[in-house]
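Enquirer: For reference, the structure I am asking about is given below.
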Amino acid sequence: MSEEATPFSGEIDWGALRTEAEEAMRRAYVPYSRFPVGAAALATDGRLVAGCNVENASYGLTLCAECSLVSMLHMTGGGQLVAFTCVNGDGEVIMPCGRCRQLLYEHSVSGMMLETGYGIRTIDEVLPDAFGPRDLEEFHA
Ligand code: THU
């Protein structure tokens with residue numbers, strides 16, 4: 001997680017992010033759970049990135065929507081995540097699973113905002129006392 005300053009100190013268009021997440025959700029490959037998820041985020045340079053879940057007959061190999069979102073972040077130019085939302089098949093905002101909170105933490109600006117069913121939260125609020133890249137840097141310094 002970098003200290004890179006976000007150019008988005010002002011308003012985040014959460015409606016636009018949710019629309020993007022819903023579009024991604026419609027591409028989900030979910031023959032096993034039938035629980036499509038779409039995720040969308042704003043990157044530091046203003047790009048919108050998105051992802052959907054992709055399941056596997058070997059259930060544990062399922063890729064969450066956040067995995068494909070992070071891949072898109074790097075495939076389309078890198079940077080960090082500034083604001084994030086994800087939705088279920090009804091378009092309702094859901095919380096990222098524990099593993100995905102860690103995944104997002106790695107690629108987010110400090111204080112990245114997440115939309116939740118109970119308001120906007122920061123990544124630090126939903127993953128307190130996180131282990132992250134800085135812990136490794138300190139160890140190897
Ligand atoms: N899922 C996600 O894509 N992201 C999450 O944060 C929660 C869970 C997916 C994984 C699986 O395909 C389905 O939702 C049911 O768990």
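Ordered as shown in the structure tokens, chains take letters A, B, and onward, while each chain numbers its residues from 1 and ligands are numbered from 1 in the order shown.
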Kindly work out which residues sit at most 10 Å from ligand 1, using only C-alpha atoms and all ligand atoms, and give the list as a count of residues only.
Expert: 41
Enquirer: List every residue of chain A that DSSP, applied to the backbone, labels as alpha helix (DSSP H), and write the result as a ChimeraX atom specification.
Expert: /A:14-25,65-75,98-106,123-126,133-140
Enquirer: Limited to C-alpha atoms, could you put the picked residues into a file as a PDB file, in the first residue's frame?
Expert:
ATOM      1  CA  TRP A  14     -20.735   5.994  -5.898  1.00  0.00           C
ATOM      2  CA  GLY A  15     -23.695   5.621  -8.274  1.00  0.00           C
ATOM      3  CA  ALA A  16     -21.361   5.324 -11.280  1.00  0.00           C
ATOM      4  CA  LEU A  17     -19.208   2.806  -9.403  1.00  0.00           C
ATOM      5  CA  ARG A  18     -22.269   0.722  -8.529  1.00  0.00           C
ATOM      6  CA  THR A  19     -23.452   0.762 -12.159  1.00  0.00           C
ATOM      7  CA  GLU A  20     -20.011  -0.473 -13.233  1.00  0.00           C
ATOM      8  CA  ALA A  21     -20.111  -3.191 -10.556  1.00  0.00           C
ATOM      9  CA  GLU A  22     -23.561  -4.314 -11.728  1.00  0.00           C
ATOM     10  CA  GLU A  23     -22.351  -4.576 -15.322  1.00  0.00           C
ATOM     11  CA  ALA A  24     -19.381  -6.650 -14.176  1.00  0.00           C
ATOM     12  CA  MET A  25     -21.688  -8.828 -12.052  1.00  0.00           C
ATOM     13  CA  ALA A  65     -14.666 -10.591  -8.163  1.00  0.00           C
ATOM     14  CA  GLU A  66     -11.960  -8.644  -6.343  1.00  0.00           C
ATOM     15  CA  CYS A  67      -9.268 -10.909  -7.845  1.00  0.00           C
ATOM     16  CA  SER A  68     -10.288 -10.030 -11.365  1.00  0.00           C
ATOM     17  CA  LEU A  69     -10.600  -6.339 -10.413  1.00  0.00           C
ATOM     18  CA  VAL A  70      -7.018  -6.272  -9.090  1.00  0.00           C
ATOM     19  CA  SER A  71      -5.825  -8.029 -12.268  1.00  0.00           C
ATOM     20  CA  MET A  72      -7.587  -5.390 -14.348  1.00  0.00           C
ATOM     21  CA  LEU A  73      -5.967  -2.633 -12.259  1.00  0.00           C
ATOM     22  CA  HIS A  74      -2.518  -3.883 -13.180  1.00  0.00           C
ATOM     23  CA  MET A  75      -3.348  -4.943 -16.744  1.00  0.00           C
ATOM     24  CA  GLY A  98     -11.857 -11.511   4.499  1.00  0.00           C
ATOM     25  CA  ARG A  99      -9.355 -12.748   1.935  1.00  0.00           C
ATOM     26  CA  CYS A 100     -10.404 -10.008  -0.474  1.00  0.00           C
ATOM     27  CA  ARG A 101     -10.052  -7.296   2.164  1.00  0.00           C
ATOM     28  CA  GLN A 102      -6.402  -8.345   2.391  1.00  0.00           C
ATOM     29  CA  LEU A 103      -6.161  -8.393  -1.399  1.00  0.00           C
ATOM     30  CA  LEU A 104      -7.629  -4.880  -1.633  1.00  0.00           C
ATOM     31  CA  TYR A 105      -5.393  -3.613   1.181  1.00  0.00           C
ATOM     32  CA  GLU A 106      -2.279  -4.476  -0.832  1.00  0.00           C
ATOM     33  CA  ILE A 123     -10.091  -0.130   4.306  1.00  0.00           C
ATOM     34  CA  ASP A 124      -8.463   0.292   7.739  1.00  0.00           C
ATOM     35  CA  GLU A 125     -11.861   0.072   9.422  1.00  0.00           C
ATOM     36  CA  VAL A 126     -12.795  -3.169   7.684  1.00  0.00           C
ATOM     37  CA  PRO A 133       3.778  -4.548   2.338  1.00  0.00           C
ATOM     38  CA  ARG A 134       5.245  -2.125   4.868  1.00  0.00           C
ATOM     39  CA  ASP A 135       5.724  -4.910   7.398  1.00  0.00           C
ATOM     40  CA  LEU A 136       7.916  -6.734   4.896  1.00  0.00           C
ATOM     41  CA  GLU A 137       9.833  -3.563   4.004  1.00  0.00           C
ATOM     42  CA  GLU A 138      10.618  -2.948   7.679  1.00  0.00           C
ATOM     43  CA  PHE A 139      11.814  -6.538   8.096  1.00  0.00           C
ATOM     44  CA  HIS A 140      14.111  -6.396   5.067  1.00  0.00           C
TER      45      HIS A 140
END
Enquirer: Give me every strand (DSSP E or B) residue in region 12-118 of chain A, going by DSSP on the backbone, as a ChimeraX atom specification.
Expert: /A:29,38-43,48-52,54,63,81-87,93,108-116
Enquirer: Those selected residues, please, written with N, CA, C and O atoms and delivered as a CSV table (one decimal), in the first residue's frame.
Expert:
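Generated file (out33.csv):
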chain,number,residue,atom,x,y,z
A,29,TYR,N,-19.1,-15.9,-13.8
A,29,TYR,CA,-19.2,-17.3,-14.1
A,29,TYR,C,-19.4,-18.1,-12.8
A,29,TYR,O,-18.5,-18.3,-12.0
A,38,GLY,N,-20.2,-8.6,-8.6
A,38,GLY,CA,-19.5,-7.6,-9.4
A,38,GLY,C,-18.8,-6.6,-8.5
A,38,GLY,O,-19.4,-6.2,-7.5
A,39,ALA,N,-17.6,-6.2,-8.9
A,39,ALA,CA,-16.9,-5.3,-8.1
A,39,ALA,C,-16.4,-4.2,-9.0
A,39,ALA,O,-16.1,-4.4,-10.2
A,40,ALA,N,-16.3,-3.0,-8.5
A,40,ALA,CA,-15.8,-1.8,-9.3
A,40,ALA,C,-15.0,-0.9,-8.4
A,40,ALA,O,-15.3,-0.8,-7.2
A,41,ALA,N,-14.0,-0.2,-8.9
A,41,ALA,CA,-13.2,0.7,-8.1
A,41,ALA,C,-12.7,1.8,-9.0
A,41,ALA,O,-12.6,1.7,-10.2
A,42,LEU,N,-12.4,2.9,-8.3
A,42,LEU,CA,-11.8,4.1,-8.9
A,42,LEU,C,-10.3,3.9,-8.6
A,42,LEU,O,-9.9,3.7,-7.4
A,43,ALA,N,-9.5,4.1,-9.7
A,43,ALA,CA,-8.0,4.1,-9.5
A,43,ALA,C,-7.5,5.5,-9.3
A,43,ALA,O,-8.2,6.5,-9.6
A,48,LEU,N,-11.8,3.6,-14.1
A,48,LEU,CA,-12.6,2.7,-13.4
A,48,LEU,C,-12.2,1.3,-13.7
A,48,LEU,O,-11.9,1.0,-14.9
A,49,VAL,N,-12.0,0.4,-12.7
A,49,VAL,CA,-11.7,-0.9,-13.0
A,49,VAL,C,-12.8,-1.8,-12.3
A,49,VAL,O,-13.4,-1.4,-11.4
A,50,ALA,N,-13.0,-3.0,-12.9
A,50,ALA,CA,-14.1,-3.8,-12.4
A,50,ALA,C,-13.7,-5.3,-12.5
A,50,ALA,O,-12.7,-5.7,-13.1
A,51,GLY,N,-14.5,-6.1,-11.9
A,51,GLY,CA,-14.2,-7.6,-11.9
A,51,GLY,C,-15.5,-8.4,-11.5
A,51,GLY,O,-16.4,-7.8,-10.9
A,52,CYS,N,-15.5,-9.6,-11.9
A,52,CYS,CA,-16.6,-10.5,-11.5
A,52,CYS,C,-16.0,-11.8,-11.0
A,52,CYS,O,-14.8,-12.1,-11.3
A,54,VAL,N,-15.3,-15.8,-10.8
A,54,VAL,CA,-15.2,-16.9,-11.8
A,54,VAL,C,-14.9,-18.2,-11.0
A,54,VAL,O,-13.9,-18.3,-10.4
A,63,LEU,N,-12.2,-17.8,-8.1
A,63,LEU,CA,-11.7,-16.4,-8.1
A,63,LEU,C,-12.8,-15.4,-7.7
A,63,LEU,O,-13.8,-15.4,-8.4
A,81,LEU,N,-6.0,1.7,-5.6
A,81,LEU,CA,-7.5,1.8,-5.5
A,81,LEU,C,-7.8,2.9,-4.6
A,81,LEU,O,-7.3,3.0,-3.4
A,82,VAL,N,-8.8,3.8,-4.9
A,82,VAL,CA,-9.2,4.9,-4.1
A,82,VAL,C,-10.5,4.7,-3.5
A,82,VAL,O,-10.8,5.1,-2.3
A,83,ALA,N,-11.4,4.1,-4.3
A,83,ALA,CA,-12.8,3.9,-3.8
A,83,ALA,C,-13.3,2.6,-4.4
A,83,ALA,O,-13.0,2.3,-5.6
A,84,PHE,N,-14.1,1.8,-3.6
A,84,PHE,CA,-14.4,0.4,-4.0
A,84,PHE,C,-15.9,0.1,-3.6
A,84,PHE,O,-16.3,0.5,-2.6
A,85,THR,N,-16.5,-0.6,-4.5
A,85,THR,CA,-17.8,-1.2,-4.1
A,85,THR,C,-18.0,-2.5,-4.8
A,85,THR,O,-17.3,-2.9,-5.8
A,86,CYS,N,-18.8,-3.4,-4.2
A,86,CYS,CA,-19.2,-4.6,-4.8
A,86,CYS,C,-20.6,-5.0,-4.5
A,86,CYS,O,-21.2,-4.6,-3.5
A,87,VAL,N,-21.2,-5.7,-5.5
A,87,VAL,CA,-22.7,-6.0,-5.4
A,87,VAL,C,-23.0,-7.4,-5.7
A,87,VAL,O,-22.2,-8.1,-6.4
A,93,VAL,N,-25.3,-3.9,-2.3
A,93,VAL,CA,-23.9,-3.8,-1.9
A,93,VAL,C,-23.6,-4.9,-0.9
A,93,VAL,O,-24.4,-5.1,0.1
A,108,SER,N,-4.4,-0.7,-2.3
A,108,SER,CA,-5.2,0.5,-2.1
A,108,SER,C,-4.4,1.7,-1.6
A,108,SER,O,-3.3,1.5,-1.0
A,109,VAL,N,-4.9,2.9,-1.8
A,109,VAL,CA,-4.2,4.0,-1.1
A,109,VAL,C,-4.6,4.0,0.3
A,109,VAL,O,-5.5,3.3,0.7
A,110,SER,N,-3.8,4.6,1.1
A,110,SER,CA,-4.0,4.7,2.5
A,110,SER,C,-5.4,5.4,2.7
A,110,SER,O,-5.7,6.4,2.2
A,111,GLY,N,-6.3,4.7,3.4
A,111,GLY,CA,-7.6,5.3,3.7
A,111,GLY,C,-8.6,5.1,2.5
A,111,GLY,O,-9.6,5.7,2.5
A,112,MET,N,-8.3,4.1,1.7
A,112,MET,CA,-9.3,3.8,0.6
A,112,MET,C,-10.7,3.6,1.1
A,112,MET,O,-10.9,3.0,2.2
A,113,MET,N,-11.7,4.2,0.4
A,113,MET,CA,-13.1,4.1,0.9
A,113,MET,C,-13.8,2.9,0.3
A,113,MET,O,-13.6,2.6,-0.9
A,114,LEU,N,-14.6,2.3,1.1
A,114,LEU,CA,-15.5,1.2,0.6
A,114,LEU,C,-16.9,1.5,0.9
A,114,LEU,O,-17.2,2.0,2.0
A,115,GLU,N,-17.7,1.2,-0.1
A,115,GLU,CA,-19.2,1.3,0.2
A,115,GLU,C,-19.6,0.0,0.9
A,115,GLU,O,-19.3,-1.1,0.5
A,116,THR,N,-20.4,0.2,2.0
A,116,THR,CA,-20.9,-0.9,2.7
A,116,THR,C,-22.5,-0.7,2.8
A,116,THR,O,-23.0,0.4,2.6
Enquirer: Quick one: pull the distance between CA of Leu127 (chain A) and CA of Arg26 (chain A), Å, one decimal.
Expert: 27.8 Å
Enquirer: Go ahead and compute the interatomic distance for CA of Glu92 (chain A) and CA of Ile120 (chain A), in Å to one decimal.
Expert: 14.4 Å
